[in-house]
file entry-v3.txt (compact mmCIF, C-alpha atoms)
# COMPACT_ATOMS: atom_id res chain seq x y z
CA MET A 1 35.19 16.08 -24.52
CA ALA A 2 34.56 18.28 -21.49
CA ASP A 3 30.90 18.26 -22.44
CA THR A 4 30.80 14.46 -22.46
CA ALA A 5 32.47 14.36 -19.05
CA ALA A 6 29.80 16.71 -17.72
CA HIS A 7 27.02 14.43 -19.00
CA LYS A 8 28.66 11.44 -17.39
CA ARG A 9 29.15 13.31 -14.13
CA PHE A 10 25.55 14.53 -14.15
CA ALA A 11 24.35 10.96 -14.61
CA GLU A 12 26.47 9.82 -11.67
CA VAL A 13 25.96 12.71 -9.25
CA PHE A 14 22.59 14.34 -9.84
CA ALA A 15 20.42 11.88 -11.77
CA PRO A 16 20.29 9.26 -8.98
CA HIS A 17 18.60 11.85 -6.73
CA LEU A 18 15.79 12.83 -9.06
CA VAL A 19 13.16 11.27 -6.79
CA ASP A 20 14.43 13.29 -3.83
CA ALA A 21 14.63 16.38 -6.01
CA TYR A 22 11.08 16.00 -7.25
CA ARG A 23 9.72 15.32 -3.78
CA LEU A 24 11.31 18.43 -2.31
CA ALA A 25 10.01 20.60 -5.15
CA ARG A 26 6.55 19.08 -5.02
CA TRP A 27 6.21 19.47 -1.28
CA LEU A 28 7.45 23.05 -1.30
CA THR A 29 5.02 24.11 -4.02
CA GLY A 30 2.19 21.64 -3.46
CA SER A 31 1.98 21.11 -7.20
CA ARG A 32 3.21 18.47 -9.61
CA ALA A 33 3.41 20.90 -12.49
CA ASP A 34 5.42 23.43 -10.50
CA ALA A 35 7.68 20.66 -9.22
CA ASP A 36 8.31 19.70 -12.85
CA ASP A 37 9.46 23.26 -13.65
CA ILE A 38 11.67 23.44 -10.60
CA VAL A 39 13.33 20.09 -11.23
CA GLN A 40 14.01 21.12 -14.84
CA GLU A 41 15.60 24.34 -13.65
CA ALA A 42 17.57 22.56 -10.92
CA SER A 43 18.84 20.01 -13.44
CA LEU A 44 20.10 22.79 -15.67
CA ARG A 45 21.85 24.42 -12.72
CA ALA A 46 23.32 21.10 -11.65
CA PHE A 47 24.56 20.38 -15.15
CA ARG A 48 26.20 23.79 -15.41
CA GLY A 49 27.77 23.48 -11.99
CA ILE A 50 28.68 19.82 -12.14
CA ALA A 51 32.40 20.45 -12.67
CA GLY A 52 32.48 22.32 -9.36
CA PHE A 53 31.08 19.43 -7.36
CA SER A 54 33.87 17.78 -5.45
CA GLY A 55 32.08 16.89 -2.25
CA THR A 56 31.32 13.50 -0.82
CA ASN A 57 27.58 13.95 -0.45
CA PRO A 58 25.89 14.11 -3.85
CA ARG A 59 22.44 13.83 -2.31
CA ALA A 60 22.92 16.91 -0.14
CA TRP A 61 24.38 18.74 -3.11
CA ALA A 62 21.41 17.81 -5.29
CA LEU A 63 18.90 18.78 -2.62
CA THR A 64 20.62 22.12 -2.07
CA ILE A 65 20.36 22.94 -5.76
CA VAL A 66 16.68 21.99 -5.82
CA ARG A 67 16.04 24.01 -2.70
CA ASN A 68 17.67 27.07 -4.25
CA ALA A 69 15.78 26.58 -7.51
CA ALA A 70 12.55 26.26 -5.53
CA TYR A 71 13.33 29.51 -3.71
CA SER A 72 13.87 31.30 -7.00
CA TRP A 73 10.58 29.92 -8.25
CA LEU A 74 8.74 30.90 -5.07
CA THR A 75 10.25 34.38 -5.10
CA ARG A 76 8.93 34.87 -8.62
CA ASN A 77 5.55 33.25 -8.16
CA ARG A 78 4.69 33.47 -4.47
CA PRO A 79 6.79 36.22 -2.96
CA ALA A 80 4.73 36.20 0.25
CA ALA A 81 5.87 32.64 1.00
CA VAL A 82 9.53 33.59 1.02
CA VAL A 83 10.42 35.23 4.27
CA LEU A 84 13.93 36.55 4.06
CA ALA A 85 14.44 37.45 7.71
CA ASP A 86 17.01 35.30 9.47
CA ASP A 87 14.31 34.09 11.72
CA LEU A 88 10.76 35.11 12.29
CA GLY A 89 9.93 37.26 15.30
CA ALA A 90 6.97 36.80 17.62
CA GLU A 91 4.77 39.15 15.63
CA GLU A 92 5.45 37.28 12.40
CA ARG A 93 4.79 34.02 14.16
CA ASP A 94 1.36 35.13 15.29
CA ARG A 95 0.48 36.33 11.82
CA ILE A 96 1.45 32.96 10.35
CA ALA A 97 -0.36 31.02 13.01
CA ASN A 98 -3.48 33.03 12.24
CA LEU A 99 -3.39 32.64 8.47
CA PRO A 100 -6.62 31.10 7.25
CA SER A 101 -6.10 27.44 6.57
CA THR A 102 -6.59 26.29 3.01
CA ARG A 103 -9.37 24.07 4.22
CA GLU A 104 -11.33 27.00 5.58
CA ALA A 105 -10.60 29.08 2.51
CA GLY A 106 -12.17 26.46 0.25
CA GLY A 107 -14.94 25.51 2.62
CA ASN A 108 -17.83 26.49 0.38
CA ASP A 109 -16.49 24.96 -2.77
CA PRO A 110 -17.81 21.42 -3.27
CA GLU A 111 -14.86 20.51 -5.44
CA ALA A 112 -12.41 21.75 -2.84
CA ALA A 113 -14.29 19.75 -0.24
CA LEU A 114 -13.93 16.65 -2.37
CA ILE A 115 -10.23 17.22 -2.71
CA ALA A 116 -9.93 17.89 1.01
CA ALA A 117 -11.47 14.47 1.62
CA ASP A 118 -8.21 13.06 0.42
CA ALA A 119 -6.14 13.37 3.58
CA ALA A 120 -2.83 12.97 1.81
CA GLU A 121 -3.63 15.75 -0.61
CA GLU A 122 -4.85 17.95 2.19
CA VAL A 123 -1.69 17.64 4.24
CA ARG A 124 0.32 18.50 1.12
CA ARG A 125 -1.62 21.71 0.71
CA HIS A 126 -1.09 22.62 4.34
CA VAL A 127 2.66 22.12 3.99
CA ALA A 128 2.85 24.14 0.77
CA ALA A 129 0.91 26.94 2.50
CA LEU A 130 3.60 27.26 5.18
CA PRO A 131 6.20 30.00 4.76
CA ALA A 132 9.10 28.45 2.86
CA PRO A 133 11.62 28.58 5.75
CA PHE A 134 9.25 26.44 7.80
CA ALA A 135 8.14 24.15 4.99
CA GLU A 136 11.66 23.26 3.89
CA VAL A 137 12.82 22.26 7.36
CA LEU A 138 9.74 20.12 7.84
CA VAL A 139 10.04 18.42 4.44
CA LEU A 140 13.77 17.76 4.76
CA ARG A 141 13.14 16.14 8.13
CA GLU A 142 9.88 14.24 7.54
CA ILE A 143 10.17 13.33 3.87
CA HIS A 144 13.91 13.19 3.26
CA GLU A 145 14.72 12.09 6.81
CA LEU A 146 17.75 14.32 7.19
CA SER A 147 19.17 14.93 10.67
CA TYR A 148 19.12 18.36 12.31
CA ASN A 149 22.82 18.75 11.59
CA GLU A 150 22.40 17.86 7.93
CA ILE A 151 19.54 20.32 7.56
CA ALA A 152 21.51 23.06 9.35
CA ALA A 153 24.50 22.48 7.05
CA MET A 154 22.34 22.50 3.94
CA LEU A 155 20.48 25.68 4.84
CA ASP A 156 23.52 27.31 6.43
CA VAL A 157 21.67 28.14 9.64
CA PRO A 158 22.39 27.15 13.27
CA VAL A 159 20.92 23.87 14.54
CA GLY A 160 18.86 25.89 17.04
CA THR A 161 17.14 27.64 14.15
CA VAL A 162 16.35 24.28 12.53
CA MET A 163 14.86 23.08 15.82
CA SER A 164 12.67 26.11 16.38
CA ARG A 165 11.43 26.23 12.78
CA LEU A 166 10.65 22.54 12.79
CA ALA A 167 8.74 22.77 16.08
CA ARG A 168 6.72 25.72 14.80
CA ALA A 169 6.04 24.14 11.44
CA ARG A 170 4.63 21.07 13.13
CA ARG A 171 2.59 23.13 15.57
CA ILE A 172 1.01 25.11 12.72
CA LEU A 173 0.26 21.95 10.76
CA LEU A 174 -1.33 20.28 13.77
CA GLU A 175 -3.46 23.37 14.40
CA ARG A 176 -4.67 23.39 10.81
CA SER A 177 -5.16 19.76 10.07
CA GLY A 178 -6.48 18.67 13.45
CA PRO A 179 -5.17 16.00 15.78
CA MET B 1 12.95 35.18 23.26
CA ILE B 2 12.49 31.47 23.84
CA ASP B 3 9.59 30.96 26.22
CA ASP B 4 8.77 27.86 28.23
CA ARG B 5 6.25 26.59 25.73
CA GLU B 6 8.75 26.85 22.95
CA GLU B 7 11.48 25.13 24.90
CA ARG B 8 9.13 22.31 25.81
CA ASP B 9 8.16 21.96 22.14
CA MET B 10 11.72 21.91 20.88
CA LEU B 11 12.65 19.27 23.41
CA LEU B 12 9.63 17.19 22.44
CA ASN B 13 10.51 17.49 18.75
CA ALA B 14 14.15 16.63 19.34
CA TYR B 15 13.11 13.55 21.31
CA PHE B 16 10.65 12.55 18.60
CA ASP B 17 13.36 12.96 15.94
CA GLY B 18 15.89 10.89 17.89
CA GLU B 19 18.15 13.90 18.30
CA LEU B 20 18.56 13.80 22.09
CA ASP B 21 21.54 12.06 23.60
CA ALA B 22 20.94 9.05 25.82
CA VAL B 23 20.88 10.97 29.10
CA ALA B 24 18.58 13.71 27.83
CA ALA B 25 16.28 11.13 26.26
CA ARG B 26 16.00 9.22 29.54
CA ASP B 27 15.18 12.41 31.41
CA PHE B 28 12.59 13.29 28.82
CA GLU B 29 10.94 9.86 29.06
CA ALA B 30 10.57 10.39 32.79
CA ARG B 31 8.83 13.69 32.02
CA LEU B 32 6.58 11.96 29.47
CA ARG B 33 5.36 9.53 32.11
CA ALA B 34 4.63 12.38 34.52
CA GLU B 35 2.91 14.72 32.04
CA PRO B 36 -0.04 13.27 30.11
CA ASP B 37 -0.29 16.43 27.97
CA LEU B 38 3.27 15.97 26.78
CA ALA B 39 2.61 12.31 25.94
CA ALA B 40 -0.52 13.34 24.01
CA ASP B 41 1.52 15.86 22.00
CA LEU B 42 4.03 13.16 21.17
CA ARG B 43 1.22 11.00 19.79
CA ARG B 44 0.04 13.92 17.66
CA LEU B 45 3.52 14.28 16.18
CA LYS B 46 3.50 10.57 15.31
CA ARG B 47 0.12 10.89 13.60
CA LEU B 48 1.31 13.93 11.67
CA ARG B 49 4.36 12.04 10.46
CA SER B 50 2.32 9.10 9.26
CA ARG B 51 -0.03 11.46 7.41
CA LEU B 52 2.92 13.20 5.78
CA ARG B 53 4.43 9.93 4.67
CA SER B 54 1.18 8.21 3.73
CA ASP B 55 1.51 8.49 -0.05
CA ILE B 56 5.23 8.78 -0.35
CA ALA B 57 5.45 5.70 -2.54
CA GLU B 58 3.44 7.41 -5.26
CA ASP B 59 5.44 10.60 -4.86
CA VAL B 60 7.82 10.06 -7.76
CA PRO B 61 8.77 12.12 -10.78
CA PRO B 62 6.69 11.38 -13.88
CA ALA B 63 8.41 9.18 -16.47
CA ALA B 64 8.28 12.02 -19.00
CA LEU B 65 10.27 14.28 -16.69
CA ARG B 66 12.85 11.60 -15.98
CA ARG B 67 13.26 10.94 -19.69
CA GLU B 68 13.51 14.63 -20.50
CA ILE B 69 16.25 15.21 -17.96
CA ALA B 70 18.16 12.11 -18.97
CA ARG B 71 17.91 13.19 -22.60
CA ARG B 72 19.09 16.73 -21.99
CA TYR B 73 21.75 16.32 -19.37
CA ALA B 74 22.67 12.69 -18.87
CA SER B 75 22.93 11.64 -22.51
CA PRO B 76 25.94 12.02 -24.67
CA PRO B 77 25.07 14.23 -27.62
CA TRP B 78 24.77 11.43 -30.20
CA LEU B 79 21.66 10.12 -28.48
CA ARG B 80 19.83 13.41 -28.59
CA PRO B 81 17.25 13.47 -31.35
CA GLN B 82 17.73 17.08 -32.37
CA ALA B 83 21.39 16.38 -32.91
CA TRP B 84 20.77 13.72 -35.53
CA GLN B 85 20.25 16.24 -38.28
CA SER B 86 23.44 18.14 -37.68
CA LEU B 87 26.79 17.37 -39.11
CA ALA B 88 28.27 18.07 -35.71
CA ALA B 89 26.49 15.01 -34.33
CA THR B 90 28.13 12.82 -36.95
CA LEU B 91 31.52 14.14 -35.99
CA LEU B 92 30.82 13.63 -32.30
CA VAL B 93 29.82 10.00 -32.66
CA GLY B 94 33.38 8.78 -32.74
CA ILE B 95 34.41 10.90 -29.78
CA VAL B 96 31.56 10.05 -27.49
CA ILE B 97 31.56 6.28 -27.61
CA GLY B 98 33.97 6.01 -24.69
CA GLY B 99 31.51 7.52 -22.25
CA ALA B 100 28.42 5.95 -23.71
CA GLY B 101 28.66 2.69 -21.77
CA THR B 102 28.19 4.44 -18.46
CA PHE B 103 25.18 6.29 -19.75
CA GLY B 104 23.51 3.09 -20.85
CA ALA B 105 23.50 1.81 -17.30
CA LEU B 106 22.11 5.01 -15.85
CA SER B 107 19.49 6.05 -18.36
CA PRO B 108 15.91 5.51 -17.28
CA ARG B 109 14.82 2.10 -18.47
CA PRO B 110 11.71 1.72 -20.56
CA ALA B 111 9.13 -0.67 -19.15
CA ASP B 112 11.07 -3.85 -18.53
CA THR B 113 8.40 -6.09 -19.89
CA THR B 114 8.55 -4.50 -23.33
CA VAL B 115 12.30 -4.30 -23.64
CA ASP B 116 12.71 -7.83 -22.25
CA GLN B 117 10.27 -9.18 -24.78
CA VAL B 118 11.97 -7.33 -27.59
CA VAL B 119 15.35 -8.78 -26.60
CA ALA B 120 13.81 -12.23 -26.11
CA GLY B 121 12.38 -12.11 -29.64
CA HIS B 122 15.79 -11.28 -31.04
CA ILE B 123 17.53 -14.06 -29.08
CA ARG B 124 14.93 -16.61 -30.18
CA ALA B 125 15.37 -15.53 -33.78
CA LEU B 126 19.14 -16.00 -33.56
CA MET B 127 18.64 -19.57 -32.34
CA ALA B 128 15.96 -20.44 -34.91
CA PRO B 129 16.95 -22.07 -38.21
CA SER B 130 16.42 -18.67 -39.82
CA PRO B 131 16.23 -15.28 -38.09
CA ALA B 132 13.51 -14.23 -40.56
CA ASP B 133 10.28 -15.99 -41.51
CA VAL B 134 10.23 -14.24 -44.82
CA ALA B 135 13.75 -14.04 -46.17
CA SER B 136 14.21 -11.33 -48.74
CA SER B 137 16.27 -8.21 -49.26
CA ASP B 138 13.41 -6.66 -51.24
CA HIS B 139 10.90 -4.57 -49.28
CA HIS B 140 8.29 -5.33 -51.98
CA THR B 141 8.41 -8.93 -50.84
CA VAL B 142 8.74 -8.34 -47.09
CA LYS B 143 6.06 -5.67 -46.63
CA PRO B 144 3.08 -7.59 -48.09
CA TRP B 145 4.08 -10.69 -46.11
CA PHE B 146 2.94 -8.90 -42.93
CA ASP B 147 -0.62 -8.39 -44.29
CA GLY B 148 -3.08 -10.11 -41.98
CA LYS B 149 -0.35 -11.10 -39.52
CA VAL B 150 0.02 -7.83 -37.64
CA ALA B 151 -2.43 -5.05 -36.87
CA PHE B 152 -0.75 -2.37 -38.95
CA ALA B 153 1.39 -2.12 -42.05
CA PRO B 154 5.03 -1.61 -41.04
CA GLN B 155 7.42 0.55 -42.97
CA VAL B 156 9.99 -1.74 -44.49
CA ILE B 157 13.05 0.29 -45.31
CA GLU B 158 16.02 -0.90 -47.32
CA LEU B 159 19.33 0.24 -45.92
CA ALA B 160 21.74 -1.74 -48.09
CA SER B 161 23.26 1.49 -49.38
CA ALA B 162 24.13 2.43 -45.80
CA GLY B 163 25.74 -0.98 -45.26
CA PHE B 164 22.80 -2.75 -43.59
CA PRO B 165 21.20 -5.12 -46.09
CA LEU B 166 17.66 -6.29 -45.30
CA VAL B 167 17.59 -9.98 -44.42
CA GLY B 168 13.82 -10.33 -44.09
CA GLY B 169 10.98 -10.08 -41.63
CA ARG B 170 9.26 -12.05 -38.89
CA VAL B 171 6.49 -11.57 -36.36
CA ASP B 172 7.45 -11.16 -32.70
CA VAL B 173 5.02 -11.05 -29.80
CA VAL B 174 5.26 -8.12 -27.38
CA GLY B 175 2.67 -7.68 -24.67
CA LEU B 176 0.54 -10.43 -26.32
CA GLU B 177 0.41 -8.37 -29.52
CA PRO B 178 1.95 -9.65 -32.74
CA VAL B 179 4.38 -6.99 -33.93
CA PRO B 180 6.43 -6.77 -37.12
CA ALA B 181 10.18 -7.30 -36.82
CA MET B 182 12.57 -6.52 -39.63
CA VAL B 183 15.98 -8.18 -39.71
CA TYR B 184 19.07 -6.41 -41.02
CA ARG B 185 22.64 -7.53 -41.34
CA ALA B 186 25.40 -5.42 -39.77
CA GLY B 187 28.73 -7.00 -40.66
CA LYS B 188 28.74 -10.36 -38.88
CA HIS B 189 25.79 -9.43 -36.67
CA LEU B 190 22.06 -9.16 -37.09
CA ILE B 191 19.87 -6.29 -36.00
CA SER B 192 16.17 -6.80 -35.27
CA LEU B 193 13.98 -3.75 -35.74
CA ILE B 194 10.54 -3.84 -34.15
CA GLU B 195 7.85 -1.31 -34.96
CA MET B 196 4.86 -0.64 -32.75
CA PRO B 197 2.15 1.97 -33.13
CA SER B 198 2.32 4.57 -30.38
CA ASP B 199 -0.20 7.14 -29.24
CA SER B 200 2.61 9.36 -28.10
CA THR B 201 3.08 12.60 -29.97
CA ALA B 202 5.92 13.56 -27.70
CA ALA B 203 9.15 14.63 -29.31
CA ALA B 204 11.38 11.74 -30.22
CA THR B 205 13.34 10.52 -27.25
CA VAL B 206 16.06 7.96 -27.77
CA THR B 207 16.71 5.55 -24.95
CA ARG B 208 19.42 2.97 -24.95
CA ARG B 209 20.08 -0.04 -22.82
CA MET B 210 22.69 -2.76 -22.61
CA ASP B 211 21.62 -6.09 -21.27
CA ARG B 212 23.62 -9.31 -21.34
CA GLY B 213 25.55 -8.20 -24.39
CA TYR B 214 22.49 -7.00 -26.31
CA GLU B 215 22.05 -3.35 -26.94
CA THR B 216 18.55 -1.94 -27.32
CA VAL B 217 17.87 1.48 -28.78
CA SER B 218 14.32 2.80 -28.74
CA TRP B 219 12.69 5.97 -29.96
CA THR B 220 9.36 7.23 -31.27
CA ASP B 221 8.85 9.03 -34.57
CA ASN B 222 5.53 9.88 -36.20
CA ARG B 223 3.51 7.82 -33.73
CA ILE B 224 5.59 4.71 -34.24
CA THR B 225 7.88 3.36 -31.57
CA TYR B 226 10.98 1.61 -32.90
CA TRP B 227 13.10 -0.87 -31.06
CA ALA B 228 16.44 -1.87 -32.50
CA VAL B 229 18.19 -4.73 -30.74
CA SER B 230 21.49 -6.37 -31.56
CA ASP B 231 24.80 -7.61 -30.31
CA ALA B 232 26.49 -5.50 -32.96
CA SER B 233 29.02 -2.93 -31.82
CA ASP B 234 28.05 0.46 -30.48
CA GLU B 235 29.30 2.15 -33.62
CA GLU B 236 27.28 -0.13 -35.86
CA MET B 237 24.14 0.44 -33.82
CA GLN B 238 24.59 4.18 -33.90
CA ALA B 239 25.20 4.16 -37.64
CA PHE B 240 22.19 1.89 -38.18
CA VAL B 241 19.80 4.06 -36.14
CA LYS B 242 21.11 7.17 -37.80
CA ALA B 243 20.69 5.73 -41.30
CA LEU B 244 17.21 4.44 -40.50
CA ARG B 245 16.01 7.71 -39.04
CA ALA B 246 17.41 9.58 -42.02
CA ALA B 247 15.51 7.21 -44.35
CA ILE B 248 12.26 7.54 -42.41
CA GLY B 249 12.53 11.32 -42.61
CA PRO B 250 11.90 14.01 -40.07
CA SER B 251 9.00 13.55 -37.72

call {"tool": "encode", "arguments": {"input": "entry-v3.txt", "output": "structure tokens"}}
result
Amino acid sequence: MADTAAHKRFAEVFAPHLVDAYRLARWLTGSRADADDIVQEASLRAFRGIAGFSGTNPRAWALTIVRNAAYSWLTRNRPAAVVLADDLGAEERDRIANLPSTREAGGNDPEAALIAADAAEEVRRHVAALPAPFAEVLVLREIHELSYNEIAAMLDVPVGTVMSRLARARRILLERSGP
Amino acid sequence: MIDDREERDMLLNAYFDGELDAVAARDFEARLRAEPDLAADLRRLKRLRSRLRSDIAEDVPPAALRREIARRYASPPWLRPQAWQSLAATLLVGIVIGGAGTFGALSPRPADTTVDQVVAGHIRALMAPSPADVASSDHHTVKPWFDGKVAFAPQVIELASAGFPLVGGRVDVVGLEPVPAMVYRAGKHLISLIEMPSDSTAAATVTRRMDRGYETVSWTDNRITYWAVSDASDEEMQAFVKALRAAIGPS
């Protein structure tokens, strides 16, 4: 009976936010296939933890689970993208700002050039190439349209950190993808 | 740590995101008018946002993923294909019915056009003088009747021993294709069973939908998609689908 209640609860709390979940995972990894894996993993975690959900904001709860699942995935598959420092110092910032853009990296590959012609696809790749702490703030703001306060609560960081990461994420993207 | 450039940027971003209070926003707008560089940066942020959101409408989880998650986590156990074989599933059926109504409303819906046409065919049949165009409880009579009427030979399965006598068969039209429909009796109700060839080799996924008192259960086995539709009770539908899938055999 408890199992049935969990299924019902999952359908009410997590399932309605699958589009949000998939978007967050896809933007953070830049890949549909990887987003698939992350959403599967997040769903399992949500199902297991569903009894513990007693909040009033199922969407934020769902997004937090997806974000954590995405971090686990990134830690396993792209450890360099996950910067664990509370915030990045000036040195780190310069290094990130000077990373080769994915467009430059694929400049000699005709297929990559074709793909780059698709502006939407290109901007996705630029976002996925950002360090995860920058990418997630940007995606939660631009794609999920969360407020600074909501993002700060979800990530458990001060609003000031959200503001500085968001500003930097946008600056890097503008530098890479042109005006 | 925070230099002037950074402070300017954070203020610009906060203004752009509507996060400044009224006074701060008014002050910032005055600055925008005085500083063309700042105004140009604001326009760049707007362009970046529109690029980021340009294909958001197509940015949705694939149907297969939605179905998979609904099947694993949002469905009561009796709807899960791998559970059909186990005795445990049979025992659970009675327990789970209470919660099943909620699930029906939340499960991902198959393409509306198909399910609507399947339900429409059933409703039409109920209003016709006879729900079946060939009326027979013998599959040897019903099966050959479909020759030349539909594009493939349907399986016609007798389920009288499970309590669902065959009433006959008819041809429904789904997506402009004639498709075979078998009619079974379930107590005082009729169940229409439509079979359509499918190119899907995906594992059987059972979806279920309630609409205006008609319940539709759909799944795919061995490259055939089945649609069962009826106003019979939940229990009868479950028993019917279970008996039918047992008769068809494992995929």

call {"tool": "closest_atom_pairs", "arguments": {"input": "entry-v3.txt", "of": "chain A", "to": "chain B", "cutoff": "7 Å", "atoms": "only C-alpha atoms", "output": "CSV"}}
result
residue,atom,partner,partner_atom,distance
A:Thr4,CA,B:Pro76,CA,5.9
A:His7,CA,B:Ala74,CA,4.7
A:Lys8,CA,B:Ala74,CA,6.3
A:Phe10,CA,B:Ala74,CA,5.8
A:Ala11,CA,B:Ala74,CA,4.9
A:Val19,CA,B:Val60,CA,5.6
A:Tyr22,CA,B:Pro61,CA,5.7
A:Arg23,CA,B:Asp59,CA,6.5
A:Asp36,CA,B:Leu65,CA,6.9
A:Phe47,CA,B:Tyr73,CA,6.5
A:Ala120,CA,B:Arg51,CA,6.4
A:Val123,CA,B:Leu52,CA,6.6
A:Glu142,CA,B:Arg49,CA,6.6
A:Ile143,CA,B:Arg53,CA,6.7
A:Met163,CA,B:Met10,CA,6.1
A:Ser164,CA,B:Met10,CA,6.2
A:Ala167,CA,B:Met10,CA,5.7
A:Pro179,CA,B:Arg44,CA,5.9

call {"tool": "residues_around", "arguments": {"input": "entry-v3.txt", "residues": "Ile224 of chain B", "least_positions_apart": "2", "cutoff": "7 Å", "atoms": "all atoms listed in the file", "output": "list in words"}}
result
Glu195, Met196, Pro197, Ser198, Thr220, Asp221, Asn222 and Tyr226 of chain B

call {"tool": "residues_around", "arguments": {"input": "entry-v3.txt", "residues": "segment 127-139 of chain B", "least_positions_apart": "3", "cutoff": "12 Å", "atoms": "all atoms listed in the file", "output": "count of residues only"}}
result
39

call {"tool": "closest_residue", "arguments": {"input": "entry-v3.txt", "among": "A:Asn68, A:Thr75, A:Thr161, A:Ser31", "to": "Arg45 of chain A", "atoms": "all atoms listed in the file"}}
result
A:Asn68

call {"tool": "atom_distance", "arguments": {"input": "entry-v3.txt", "atom1": "atom CA of Glu58 of chain B", "atom2": "atom CA of Gln117 of chain B"}}
result
26.5 Å

call {"tool": "closest_residue", "arguments": {"input": "entry-v3.txt", "among": "B:Met210, B:Leu20, B:Val173, B:Leu126", "to": "Thr114 of chain B", "atoms": "all atoms listed in the file"}}
result
B:Val173
